[in-house]
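As stored in work-v7.txt (compact mmCIF, C-alpha atoms):
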```
# COMPACT_ATOMS: atom_id res chain seq x y z
CA MET T 1 -12.67 -8.50 -27.72
CA VAL T 2 -11.87 -5.45 -29.85
CA GLY T 3 -9.20 -3.03 -28.67
CA LEU T 4 -7.62 -5.34 -26.15
CA LEU T 5 -3.93 -6.09 -26.11
CA HIS T 6 -3.39 -9.60 -27.41
CA LEU T 7 0.08 -11.08 -26.87
CA ASP T 8 1.72 -14.07 -28.56
CA PHE T 9 3.70 -16.61 -26.55
CA LYS T 10 6.93 -14.59 -26.65
CA GLY T 11 5.05 -11.50 -25.55
CA LEU T 12 3.56 -13.41 -22.63
CA VAL T 13 6.97 -14.65 -21.51
CA ILE T 14 8.36 -11.12 -21.64
CA LEU T 15 5.32 -9.87 -19.71
CA LEU T 16 5.81 -12.54 -17.04
CA MET T 17 9.53 -11.89 -16.68
CA SER T 18 9.12 -8.11 -16.57
CA ALA T 19 6.42 -8.40 -13.94
CA VAL T 20 8.71 -10.50 -11.75
CA PHE T 21 12.00 -8.66 -12.19
CA VAL T 22 11.66 -5.23 -13.80
CA ASN T 23 8.33 -3.96 -12.50
CA ASN T 24 8.60 -5.78 -9.20
CA TYR T 25 5.48 -4.84 -7.25
CA VAL T 26 7.14 -4.45 -3.90
CA LEU T 27 10.54 -3.06 -4.74
CA GLN T 28 9.82 -0.91 -7.78
CA LYS T 29 6.15 0.01 -7.53
CA PHE T 30 5.79 0.19 -3.73
CA LEU T 31 2.70 -1.99 -3.54
CA GLY T 32 2.10 -4.29 -0.59
CA ILE T 33 4.74 -2.61 1.57
CA CYS T 34 2.84 -3.10 4.85
CA SER T 35 2.84 -6.87 4.52
CA PHE T 36 6.35 -6.83 3.07
CA LEU T 37 7.69 -5.20 6.22
CA GLY T 38 5.32 -6.92 8.62
CA VAL T 39 5.37 -10.57 7.58
CA SER T 40 8.88 -10.98 6.16
CA LYS T 41 10.43 -11.76 9.52
CA LYS T 42 10.57 -15.52 9.13
CA LEU T 43 11.03 -17.49 5.96
CA ASP T 44 8.05 -19.81 6.49
CA GLN T 45 5.71 -16.91 7.20
CA ALA T 46 7.00 -15.06 4.16
CA THR T 47 6.41 -18.12 1.98
CA GLY T 48 2.91 -18.74 3.31
CA MET T 49 1.89 -15.12 2.84
CA SER T 50 3.35 -14.95 -0.68
CA LEU T 51 1.62 -18.15 -1.82
CA ALA T 52 -1.67 -16.79 -0.48
CA VAL T 53 -1.05 -13.51 -2.35
CA ILE T 54 -0.27 -15.28 -5.64
CA PHE T 55 -3.41 -17.36 -5.29
CA VAL T 56 -5.69 -14.43 -4.42
CA MET T 57 -4.19 -12.23 -7.15
CA MET T 58 -4.89 -14.80 -9.85
CA LEU T 59 -8.32 -15.64 -8.51
CA SER T 60 -9.40 -12.02 -8.24
CA THR T 61 -8.11 -11.26 -11.73
CA ALA T 62 -10.03 -14.25 -13.07
CA VAL T 63 -13.19 -12.83 -11.48
CA THR T 64 -12.77 -9.06 -11.89
CA TRP T 65 -11.68 -9.15 -15.56
CA PRO T 66 -14.99 -10.64 -16.79
CA ILE T 67 -16.91 -8.33 -14.45
CA GLN T 68 -15.21 -5.27 -15.98
CA TYR T 69 -15.70 -6.30 -19.62
CA TYR T 70 -19.03 -8.14 -19.53
CA LEU T 71 -20.85 -6.31 -16.76
CA LEU T 72 -19.47 -2.83 -16.08
CA ASN T 73 -18.37 -1.64 -19.53
CA PRO T 74 -21.48 -2.67 -21.53
CA HIS T 75 -23.69 -0.85 -19.05
CA GLY T 76 -21.52 2.27 -18.84
CA LEU T 77 -20.61 1.62 -15.22
CA GLY T 78 -16.83 1.86 -15.64
CA TYR T 79 -16.65 4.44 -12.82
CA MET T 80 -17.83 1.80 -10.35
CA GLN T 81 -14.56 -0.10 -10.88
CA THR T 82 -12.89 0.71 -7.54
CA ILE T 83 -15.89 -0.01 -5.36
CA VAL T 84 -16.88 -3.20 -7.20
CA PHE T 85 -13.35 -4.59 -7.31
CA ILE T 86 -12.60 -4.10 -3.62
CA LEU T 87 -15.91 -5.70 -2.66
CA VAL T 88 -15.32 -8.64 -5.00
CA ILE T 89 -11.84 -9.14 -3.56
CA ALA T 90 -13.11 -8.95 0.02
CA ALA T 91 -15.88 -11.42 -0.72
CA LEU T 92 -13.54 -13.79 -2.58
CA VAL T 93 -11.03 -13.83 0.25
CA GLN T 94 -13.79 -14.66 2.70
CA LEU T 95 -15.14 -17.38 0.43
CA VAL T 96 -11.73 -18.95 -0.11
CA GLU T 97 -11.19 -18.99 3.62
CA ILE T 98 -14.48 -20.77 4.27
CA VAL T 99 -13.89 -23.32 1.50
CA LEU T 100 -10.34 -24.03 2.63
CA LYS T 101 -11.39 -24.43 6.24
CA LYS T 102 -14.09 -26.93 5.32
CA TYR T 103 -12.40 -29.02 2.66
CA ILE T 104 -8.61 -28.62 2.90
CA PRO T 105 -7.87 -27.97 6.59
CA ALA T 106 -4.15 -28.66 6.11
CA LEU T 107 -3.80 -25.88 3.56
CA HIS T 108 -6.01 -23.64 5.68
CA SER T 109 -3.74 -23.95 8.67
CA ALA T 110 -0.72 -23.13 6.50
CA MET T 111 -2.18 -20.26 4.49
CA GLY T 112 -5.41 -19.36 6.27
CA ILE T 113 -4.04 -16.92 8.79
CA TYR T 114 -2.69 -14.71 6.03
CA LEU T 115 -5.92 -14.53 4.07
CA PRO T 116 -7.69 -11.82 6.12
CA LEU T 117 -4.65 -9.60 5.76
CA ILE T 118 -4.85 -9.83 1.99
CA THR T 119 -8.13 -7.96 1.62
CA THR T 120 -6.40 -4.71 2.48
CA ASN T 121 -3.19 -5.58 0.63
CA CYS T 122 -2.94 -2.93 -2.02
CA ALA T 123 -1.00 -5.20 -4.39
CA VAL T 124 -4.11 -7.28 -5.05
CA LEU T 125 -6.40 -4.36 -5.84
CA ALA T 126 -3.63 -2.76 -7.89
CA VAL T 127 -3.08 -5.79 -10.11
CA THR T 128 -6.76 -6.03 -10.99
CA ILE T 129 -7.01 -2.32 -11.79
CA LEU T 130 -3.73 -2.26 -13.75
CA ASN T 131 -4.85 -5.20 -15.91
CA VAL T 132 -7.86 -3.18 -16.97
CA ASP T 133 -5.87 0.08 -17.33
CA LYS T 134 -3.31 -1.56 -19.59
CA GLN T 135 -6.11 -3.24 -21.59
CA TYR T 136 -4.63 -6.72 -21.41
CA ASP T 137 -6.82 -9.52 -22.74
CA PHE T 138 -7.82 -12.29 -20.35
CA LEU T 139 -4.76 -14.49 -20.89
CA ALA T 140 -2.32 -11.59 -20.61
CA SER T 141 -4.09 -10.42 -17.44
CA MET T 142 -3.70 -13.83 -15.86
CA VAL T 143 -0.02 -13.97 -16.83
CA ASN T 144 0.52 -10.47 -15.45
CA SER T 145 -1.12 -11.45 -12.16
CA LEU T 146 1.01 -14.57 -11.92
CA GLY T 147 4.15 -12.54 -12.62
CA SER T 148 3.25 -9.87 -10.10
CA GLY T 149 2.55 -12.51 -7.48
CA LEU T 150 5.83 -14.26 -8.20
CA GLY T 151 7.61 -10.91 -7.96
CA TYR T 152 6.05 -10.39 -4.53
CA PHE T 153 7.15 -13.90 -3.56
CA LEU T 154 10.71 -13.25 -4.73
CA ALA T 155 10.94 -9.96 -2.82
CA MET T 156 9.47 -11.49 0.37
CA VAL T 157 11.74 -14.53 0.37
CA MET T 158 14.86 -12.50 -0.42
CA PHE T 159 14.04 -10.00 2.28
CA ALA T 160 13.26 -12.70 4.86
CA GLY T 161 16.77 -14.02 4.25
CA ILE T 162 18.30 -10.59 4.65
CA ARG T 163 16.36 -9.93 7.83
CA SER T 164 17.57 -13.12 9.44
CA ARG T 165 21.14 -12.01 8.77
CA MET T 166 20.45 -8.51 10.08
CA GLU T 167 19.30 -9.74 13.48
CA GLY T 168 22.89 -10.30 14.54
CA GLY T 169 24.09 -6.87 13.49
CA GLU T 170 23.83 -3.78 15.62
CA ALA T 171 22.40 -0.69 14.01
CA PRO T 172 22.87 2.85 15.39
CA LYS T 173 20.35 3.52 18.15
CA SER T 174 17.96 5.68 16.17
CA PHE T 175 18.07 3.35 13.18
CA GLU T 176 17.07 0.27 15.17
CA GLY T 177 14.00 -1.58 13.98
CA LEU T 178 12.09 -0.15 11.08
CA PRO T 179 14.51 2.51 9.74
CA ILE T 180 17.33 0.04 9.14
CA LEU T 181 14.86 -2.33 7.45
CA LEU T 182 13.86 0.41 5.04
CA VAL T 183 17.49 1.16 4.27
CA ALA T 184 18.06 -2.56 3.62
CA ALA T 185 15.00 -2.62 1.36
CA SER T 186 16.48 0.32 -0.51
CA ILE T 187 19.67 -1.63 -1.21
CA VAL T 188 17.70 -4.71 -2.32
CA SER T 189 15.71 -2.47 -4.60
CA VAL T 190 18.91 -1.14 -6.21
CA SER T 191 19.87 -4.67 -7.14
CA PHE T 192 16.66 -5.01 -9.15
CA PHE T 193 17.80 -2.24 -11.53
CA GLY T 194 20.28 -4.77 -12.87
CA PHE T 195 17.44 -6.70 -14.46
CA ALA T 196 16.05 -3.77 -16.42
CA GLY T 197 18.05 -4.30 -19.61
CA VAL T 198 18.39 -8.06 -19.28
CA ILE T 199 14.80 -9.04 -20.07
CA GLU T 200 14.57 -6.98 -23.27
CA ASN T 201 17.92 -8.18 -24.58
CA LEU T 202 17.25 -11.77 -23.66
CA PHE T 203 14.02 -12.03 -25.62
CA GLY T 204 14.18 -9.04 -27.95
CA MET V 1 -8.48 23.64 23.85
CA LYS V 2 -9.13 19.91 23.95
CA LYS V 3 -10.49 20.11 20.42
CA LEU V 4 -7.32 21.78 19.26
CA GLY V 5 -5.40 18.92 20.87
CA ILE V 6 -7.18 16.37 18.67
CA LEU V 7 -6.21 18.35 15.61
CA ILE V 8 -2.57 18.77 16.62
CA ASN V 9 -2.34 15.13 17.71
CA GLY V 10 -2.60 13.89 14.13
CA ILE V 11 -0.14 16.39 12.77
CA LEU V 12 2.65 15.89 15.29
CA LYS V 13 2.35 13.43 18.14
CA GLU V 14 0.67 10.65 16.20
CA ASN V 15 1.72 11.54 12.70
CA PRO V 16 0.27 8.67 10.65
CA VAL V 17 3.29 8.30 8.38
CA LEU V 18 6.21 8.89 10.72
CA VAL V 19 4.90 7.65 14.05
CA LEU V 20 2.01 5.27 13.40
CA ILE V 21 3.70 3.91 10.23
CA LEU V 22 0.47 3.67 8.28
CA GLY V 23 -0.06 4.24 4.58
CA THR V 24 3.49 3.39 3.61
CA CYS V 25 2.69 2.44 0.01
CA PRO V 26 1.42 5.81 -1.24
CA THR V 27 4.01 7.60 0.90
CA LEU V 28 6.87 5.88 -0.86
CA ALA V 29 5.34 5.88 -4.31
CA VAL V 30 4.02 9.40 -4.67
CA SER V 31 6.77 11.35 -2.90
CA THR V 32 8.89 11.97 -6.00
CA GLN V 33 7.66 15.53 -6.52
CA ALA V 34 6.40 18.06 -4.00
CA SER V 35 3.33 18.85 -6.14
CA ASN V 36 2.36 15.16 -6.36
CA ALA V 37 2.69 14.87 -2.60
CA ILE V 38 0.34 17.81 -1.99
CA GLY V 39 -2.18 16.41 -4.49
CA MET V 40 -2.12 12.94 -2.96
CA GLY V 41 -2.21 14.35 0.57
CA LEU V 42 -5.26 16.49 -0.12
CA ALA V 43 -7.09 13.69 -1.94
CA ALA V 44 -6.48 11.31 0.98
CA THR V 45 -7.45 14.03 3.49
CA ALA V 46 -10.75 14.60 1.70
CA VAL V 47 -11.53 10.88 1.79
CA LEU V 48 -10.40 10.58 5.41
CA VAL V 49 -12.54 13.48 6.65
CA CYS V 50 -15.63 12.26 4.77
CA SER V 51 -15.22 8.65 5.87
CA ASN V 52 -14.57 9.66 9.48
CA ILE V 53 -17.73 11.78 9.49
CA ALA V 54 -19.86 9.08 7.86
CA ILE V 55 -18.53 6.23 9.99
CA SER V 56 -18.81 8.17 13.21
CA ALA V 57 -22.37 9.24 12.35
CA LEU V 58 -23.32 5.65 11.54
CA ARG V 59 -21.39 4.04 14.37
CA LYS V 60 -24.54 3.03 16.23
CA ALA V 61 -26.28 1.80 13.08
CA ILE V 62 -23.51 -0.45 11.78
CA PRO V 63 -23.60 -3.94 13.35
CA ASP V 64 -20.30 -4.85 14.94
CA ASN V 65 -19.79 -8.13 13.03
CA VAL V 66 -19.91 -6.61 9.58
CA ARG V 67 -18.31 -3.27 10.35
CA ILE V 68 -15.16 -3.76 8.23
CA PRO V 69 -17.06 -4.50 4.99
CA CYS V 70 -19.34 -1.53 5.74
CA TYR V 71 -16.33 0.75 6.25
CA ILE V 72 -14.78 -0.47 3.01
CA VAL V 73 -17.95 0.26 1.05
CA LEU V 74 -18.22 3.76 2.54
CA ILE V 75 -14.54 4.50 1.91
CA ALA V 76 -14.69 3.13 -1.64
CA GLY V 77 -17.66 5.38 -2.33
CA PHE V 78 -15.78 8.49 -1.21
CA VAL V 79 -12.68 7.43 -3.12
CA THR V 80 -14.73 7.08 -6.29
CA ILE V 81 -16.10 10.61 -5.80
CA VAL V 82 -12.62 12.04 -5.25
CA GLU V 83 -11.31 10.09 -8.24
CA MET V 84 -14.00 11.54 -10.49
CA LEU V 85 -13.36 15.07 -9.22
CA VAL V 86 -9.62 14.77 -9.80
CA LYS V 87 -10.17 13.32 -13.28
CA ALA V 88 -12.49 16.19 -14.14
CA TYR V 89 -10.64 19.15 -12.66
CA ALA V 90 -6.99 18.09 -12.43
CA PRO V 91 -6.33 15.62 -15.26
CA ALA V 92 -2.56 16.21 -15.07
CA LEU V 93 -2.50 15.20 -11.40
CA ASN V 94 -4.61 12.13 -12.20
CA GLU V 95 -2.04 11.18 -14.83
CA ARG V 96 0.83 11.41 -12.35
CA LEU V 97 -0.89 9.73 -9.41
CA GLY V 98 -2.16 6.96 -11.69
CA ILE V 99 -2.97 3.73 -9.89
CA TYR V 100 -2.32 5.24 -6.45
CA LEU V 101 -5.46 7.37 -6.63
CA PRO V 102 -7.96 4.46 -6.57
CA LEU V 103 -5.64 2.71 -4.11
CA ILE V 104 -6.61 5.27 -1.43
CA VAL V 105 -9.34 2.68 -0.71
CA VAL V 106 -6.80 0.32 0.81
CA ASN V 107 -4.73 3.07 2.45
CA CYS V 108 -4.31 1.79 6.00
CA ILE V 109 -4.62 5.30 7.45
CA ILE V 110 -8.26 5.58 6.47
CA LEU V 111 -9.41 2.15 7.61
CA GLY V 112 -7.14 2.50 10.63
CA ARG V 113 -8.70 5.77 11.79
CA ALA V 114 -12.18 4.39 11.18
CA GLU V 115 -11.40 1.41 13.38
CA MET V 116 -9.31 3.19 16.03
CA TYR V 117 -11.09 6.52 16.30
CA ALA V 118 -14.24 7.22 14.31
CA ASN V 119 -16.28 4.28 15.56
CA LYS V 120 -15.74 5.32 19.18
CA ASN V 121 -16.03 9.11 19.06
CA THR V 122 -18.51 11.82 18.20
CA VAL V 123 -18.91 13.23 14.71
CA TRP V 124 -17.27 16.53 15.59
CA ASP V 125 -14.22 14.91 17.21
CA SER V 126 -13.88 12.49 14.31
CA THR V 127 -13.97 15.34 11.83
CA LEU V 128 -11.14 17.08 13.66
CA ASP V 129 -9.22 13.81 13.89
CA GLY V 130 -9.68 13.32 10.14
CA ILE V 131 -8.42 16.82 9.38
CA GLY V 132 -5.46 16.44 11.73
CA MET V 133 -4.46 13.02 10.44
CA GLY V 134 -4.94 14.13 6.85
CA LEU V 135 -2.77 17.20 7.35
CA GLY V 136 -0.17 15.10 9.14
CA PHE V 137 -0.11 12.72 6.19
CA THR V 138 0.15 15.61 3.73
CA LEU V 139 2.89 17.29 5.73
CA ALA V 140 5.02 14.14 6.04
CA LEU V 141 4.53 13.40 2.35
CA PHE V 142 5.45 16.97 1.45
CA VAL V 143 8.65 16.97 3.52
CA MET V 144 9.71 13.64 2.08
CA ALA V 145 8.86 14.65 -1.49
CA SER V 146 10.76 17.93 -1.07
CA ILE V 147 13.89 16.08 0.03
CA ARG V 148 13.62 13.63 -2.85
CA GLU V 149 12.81 16.25 -5.45
CA ILE V 150 15.54 18.70 -4.41
CA LEU V 151 18.23 16.03 -4.17
CA GLY V 152 17.02 13.91 -7.05
CA SER V 153 16.06 16.38 -9.75
CA GLY V 154 17.39 19.70 -8.42
CA THR V 155 13.92 21.23 -8.63
CA PHE V 156 11.24 22.31 -6.20
CA PHE V 157 7.60 22.28 -7.35
CA GLY V 158 9.06 21.82 -10.84
CA ASN V 159 11.14 25.03 -10.64
CA ALA V 160 14.87 24.55 -11.13
CA ILE V 161 16.99 25.50 -8.13
CA PRO V 162 19.99 27.59 -9.22
CA GLY V 163 23.30 25.80 -8.76
CA LEU V 164 21.79 22.35 -8.24
CA ALA V 165 21.07 21.49 -11.86
CA ASN V 166 24.36 19.68 -12.38
CA TYR V 167 24.40 17.85 -9.08
CA ASN V 168 21.40 15.53 -9.30
CA ILE V 169 21.38 12.27 -7.39
CA SER V 170 18.77 10.79 -9.69
CA ILE V 171 18.47 7.56 -7.67
CA MET V 172 16.63 9.65 -5.05
CA THR V 173 13.59 9.91 -7.30
CA LEU V 174 13.69 6.18 -8.05
CA ALA V 175 12.47 3.37 -5.79
CA PRO V 176 15.64 2.91 -3.66
CA GLY V 177 15.70 6.62 -2.80
CA GLY V 178 12.14 6.32 -1.50
CA PHE V 179 12.98 3.54 0.94
CA PHE V 180 16.17 5.27 1.98
CA VAL V 181 14.69 8.71 2.66
CA TYR V 182 11.74 7.17 4.52
CA GLY V 183 14.09 5.11 6.69
CA CYS V 184 16.16 8.18 7.49
CA MET V 185 13.10 10.28 8.34
CA ILE V 186 11.85 7.67 10.81
CA ALA V 187 15.34 7.54 12.30
CA VAL V 188 15.25 11.32 12.77
CA VAL V 189 11.86 11.06 14.52
CA ASN V 190 13.33 8.33 16.73
CA LYS V 191 16.28 10.53 17.57
CA LEU V 192 14.18 13.61 18.33
CA SER V 193 11.76 11.71 20.54
CA HIS V 194 14.58 9.69 22.15
CA GLY V 195 13.13 6.48 20.76
CA LYS V 196 9.83 6.98 22.56
CA ALA V 197 7.56 7.76 19.64
CA ILE V 198 7.74 4.53 17.73
CA LYS V 199 8.67 2.09 20.49
CA LYS V 200 5.26 2.67 22.02
CA LYS V 201 3.41 1.66 18.86
CA GLU V 202 3.74 -1.96 18.03
CA PHE V 203 5.02 -2.55 14.59
CA GLY V 204 4.09 -5.80 12.95
CA CYS V 205 0.75 -7.44 12.70
CA MET V 206 -0.71 -5.99 15.89
CA GLY V 207 -0.05 -2.53 14.56
CA CYS V 208 -2.00 -3.38 11.43
CA PRO V 209 -5.43 -1.76 11.36
CA SER V 210 -7.07 -5.00 10.30
CA ALA V 211 -5.54 -6.84 13.26
CA THR V 212 -8.71 -6.56 15.29
CA ALA V 213 -10.72 -7.81 12.35
CA CYS V 214 -8.54 -10.83 11.80
CA GLY V 215 -9.25 -12.99 14.79
CA LYS V 216 -7.59 -15.80 12.87
CA LEU V 217 -4.19 -14.42 13.58
CA ASN V 218 -2.60 -16.34 16.36
CA GLN V 219 -2.25 -14.06 19.36
CA ALA V 220 1.10 -15.52 20.40
CA ASP V 221 2.47 -15.12 16.89
CA CYS V 222 1.37 -11.52 16.88
CA GLU V 223 3.18 -10.69 20.07
CA LYS V 224 6.38 -12.19 18.76
CA GLU V 225 5.91 -10.18 15.62
CA SER V 226 5.42 -6.92 17.46
CA GLU V 227 8.70 -7.22 19.31
CA ALA V 228 10.41 -6.33 16.05
```

Exercise: express the given structure as structure tokens:
Amino acid sequence: MVGLLHLDFKGLVILLMSAVFVNNYVLQKFLGICSFLGVSKKLDQATGMSLAVIFVMMLSTAVTWPIQYYLLNPHGLGYMQTIVFILVIAALVQLVEIVLKKYIPALHSAMGIYLPLITTNCAVLAVTILNVDKQYDFLASMVNSLGSGLGYFLAMVMFAGIRSRMEGGEAPKSFEGLPILLVAASIVSVSFFGFAGVIENLFG
Amino acid sequence: MKKLGILINGILKENPVLVLILGTCPTLAVSTQASNAIGMGLAATAVLVCSNIAISALRKAIPDNVRIPCYIVLIAGFVTIVEMLVKAYAPALNERLGIYLPLIVVNCIILGRAEMYANKNTVWDSTLDGIGMGLGFTLALFVMASIREILGSGTFFGNAIPGLANYNISIMTLAPGGFFVYGCMIAVVNKLSHGKAIKKKEFGCMGCPSATACGKLNQADCEKESEA
């Protein structure tokens, strides 16, 4: 399609790597913080939630991208983006849940409980809107969604590990619970600055 | 007097950002400049007041089983209106808020108040609750943005503060500063309320506004989660 950003293979690899490390959704862009703080307590929960997020992100991009370019734009309905996307995501999540429950009960019991939480996870809506904002073509959009999802996964798993170590430590009284978690997240987020130059120099 | 209480409740006692811990994403992301914080706060307040009014007026008409999708449609409609207004009259603000403007749709504060307050109370009370919560959100955002802007860029509302220009801690305006300042602010609230404010509210998945909607979530798991 005319005017869309088309990337070659190298470009796609850079896009994927930047989405995971440099523009990490949780730690650099502050998307999906609620679930990041809420579900990262145990490693298995963090993994289940992250896999569900990766899956829903890619699925909703695969559905919303064609809707934007073949349905909304040709009819001048671009302003309906927000309302259409959130409804599509909500419906998709529901659909996936029903399908999983019926046909793959094992996967449903592992991932199913996290699905309802994903509808209101801002990372999913954000990735679909950003793909359109940045004018990525379909392939680049899918790669960006995969990268963003993997970035979420990385942040969740890392933070679940840190939380399990923090349980033994004693924080000052007023910092107990959430405040000390946020301070820990801040330190984790500093470590991600280290990646900023690496990706460009590695592939540039 | 009782009406005034509803209004004050949102601003102080149940401040959505510092006590209820809702809407963390926009709080962290937008609080780099005091002017952004005010813009975001007012946009979210407008959506919150409108959605509270609409949901409370329709609370008897909306069937209970499909209430969450109905709320999302209503909220998304108001967000689209606000988005168009901001694009038309404040393009610079739209540029700076970027993706976080349409993301008001999934701001937990709005869905949370719809679920916790507006669908149980009268239109007038819900309006006041919306205004109070919105102002509380704006106020918390403004305080946090002021701290980050003054320490991080040595400016306030974009005006340079004399004597601070050479002492910027620029990490304050970046992502780590956001987490850090937010953590410290909650700690201060904990200290001032002697740990009562936040202990009362469960944090974790029971504190999530969609918790009631997600019957799938194992109750036992949730209780473990909320001990955190």

TODO: Go through V:Phe137, V:Phe156, V:Tyr182, V:Tyr117 one by one, measure the shortest atom-to-atom distance of each to chain T using all atoms listed in the file, and give the residue with the smallest value.
DONE: V:Tyr182

Open item on the list: Given all atoms listed in the file as the basis, pick out the residue of T:Leu7, T:Leu31, T:Leu16, T:Leu107 nearest to chain V.
Closed with: T:Leu31

TODO: Would you please work out which residue, of T:Val22, T:Ile14, T:Ala52, T:Met80, is nearest to chain V when using only C-alpha atoms?
DONE: T:Met80

TODO: With a distance threshold of 7 Å and counting only C-alpha atoms, extract the residues of chain T near chain V and express them as a PyMOL selection string.
DONE: chain T and resi 27-34+38+82-83+113+116-117+120-122+126+174-175+177+179-180+182-183+185-187+189-190

Task: Exercise: region 127-138 of chain T partners within 7 Å, all atoms listed in the file, chain neighbours under 4 positions left out, as a ChimeraX atom specification - done: /T:4-6,61,64-65,123,142,145

Task: Interatomic distance, CA of Gln33 (chain V) to CA of Gly158 (chain V) (Å, one decimal) - done: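 Computing the Euclidean distance for CA of Gln33 (chain V) and CA of Gly158 (chain V) yields 7.8 Å.
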
TODO: Would you work out the distance separating CA of Val99 (chain T) from CA of Val66 (chain V), expressed in Å to one decimal?
DONE: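 For CA of Val99 (chain T) relative to CA of Val66 (chain V), the distance reads 19.5 Å.
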
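Using only C-alpha atoms, the residues found no farther than 9 Å from Glu97 (chain T), other than those of its own chain fewer than 4 positions away, are Leu92, Val93, Lys101, Lys102, His108, Gly112, Leu115 and Pro116 of chain T.
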
Residues just named, written with C-alpha atoms as a short mmCIF file (atom, residue, chain, number, x, y, z; two decimals), keeping the file's coordinate frame:
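Wrote out-v7.cif, looks like this:
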```cif
data_model
loop_
_atom_site.label_atom_id
_atom_site.label_comp_id
_atom_site.auth_asym_id
_atom_site.auth_seq_id
_atom_site.Cartn_x
_atom_site.Cartn_y
_atom_site.Cartn_z
CA LEU T 92 -13.54 -13.79 -2.58
CA VAL T 93 -11.03 -13.83 0.25
CA LYS T 101 -11.39 -24.43 6.24
CA LYS T 102 -14.09 -26.93 5.32
CA HIS T 108 -6.01 -23.64 5.68
CA GLY T 112 -5.41 -19.36 6.27
CA LEU T 115 -5.92 -14.53 4.07
CA PRO T 116 -7.69 -11.82 6.12
#
```

TODO: Grab the CA of Gln81 (chain T) to CA of Leu101 (chain V) distance for me, in Å with one decimal place.
DONE: 12.5 Å

Task: Proximity to Leu51 (chain T) - best of T:Ser18, T:Ser148, T:Ser141, T:Ser191, all atoms listed in the file - done: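 The answer is T:Ser148, which sits nearest to Leu51 (chain T).
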
Task: Residues within 9 Å of Tyr152 (chain T), all atoms listed in the file, excluding chain neighbours under 3 positions, as a list in words - done: Val20, Asn24, Tyr25, Val26, Leu27, Gly32, Phe36, Ser50, Val53, Ile54, Ala123, Gly147, Ser148, Gly149, Ala155, Met156 and Val157 of chain T

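Around the point (12.9, 15.0, -2.5), within 9 Å and counting all atoms listed in the file, we find these residues: V:Ser31, V:Thr32, V:Gln33, V:Ala34, V:Phe142, V:Val143, V:Met144, V:Ala145, V:Ser146, V:Ile147, V:Arg148, V:Glu149, V:Ile150, V:Leu151, V:Gly152, V:Ser153, V:Gly154, V:Thr155, V:Phe156, V:Met172, V:Thr173, V:Gly177, V:Gly178, V:Val181.
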
Can you write just those residues out, C-alpha atoms, as a compact mmCIF listing (two decimals), keeping the file's coordinate frame?
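Saved file part_21.txt follows:
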```txt
# COMPACT_ATOMS: atom_id res chain seq x y z
CA SER V 31 6.77 11.35 -2.90
CA THR V 32 8.89 11.97 -6.00
CA GLN V 33 7.66 15.53 -6.52
CA ALA V 34 6.40 18.06 -4.00
CA PHE V 142 5.45 16.97 1.45
CA VAL V 143 8.65 16.97 3.52
CA MET V 144 9.71 13.64 2.08
CA ALA V 145 8.86 14.65 -1.49
CA SER V 146 10.76 17.93 -1.07
CA ILE V 147 13.89 16.08 0.03
CA ARG V 148 13.62 13.63 -2.85
CA GLU V 149 12.81 16.25 -5.45
CA ILE V 150 15.54 18.70 -4.41
CA LEU V 151 18.23 16.03 -4.17
CA GLY V 152 17.02 13.91 -7.05
CA SER V 153 16.06 16.38 -9.75
CA GLY V 154 17.39 19.70 -8.42
CA THR V 155 13.92 21.23 -8.63
CA PHE V 156 11.24 22.31 -6.20
CA MET V 172 16.63 9.65 -5.05
CA THR V 173 13.59 9.91 -7.30
CA GLY V 177 15.70 6.62 -2.80
CA GLY V 178 12.14 6.32 -1.50
CA VAL V 181 14.69 8.71 2.66
```

Open item on the list: Could you check the closest approach to Ala37 (chain V) for each of V:Thr127, V:Asn119, V:Thr138, V:Asn159 and tell me which residue wins, using all atoms listed in the file?
Closed with: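 Between V:Thr127, V:Asn119, V:Thr138, V:Asn159, the residue approaching Ala37 (chain V) most closely is V:Thr138.
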
Task: Selected residue of minimal separation from Lys42 (chain T) among T:Leu77, T:Met58, T:Ala160, T:Val63, counting all atoms listed in the file - done: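 Smallest separation from Lys42 (chain T) among the options: T:Ala160.
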
Open item on the list: Give me the residues near Ala57 (chain V) as a list in words, where near means some atom within 9 Å (using all atoms listed in the file) and where sequence neighbours in that chain fewer than 4 positions away do not count.
Closed with: Asn52, Ile53, Ala61, Ala118, Asn119, Thr122 and Val123 of chain V

Open item on the list: Just want the 8 Å neighbourhood of Ile6 (chain V), counted on all atoms listed in the file, with same-chain residues fewer than 6 positions away dropped. Output as a list of chain:residue names.
Closed with: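 The neighbour list is V:Asp125, V:Leu128, V:Asp129, V:Gly132.
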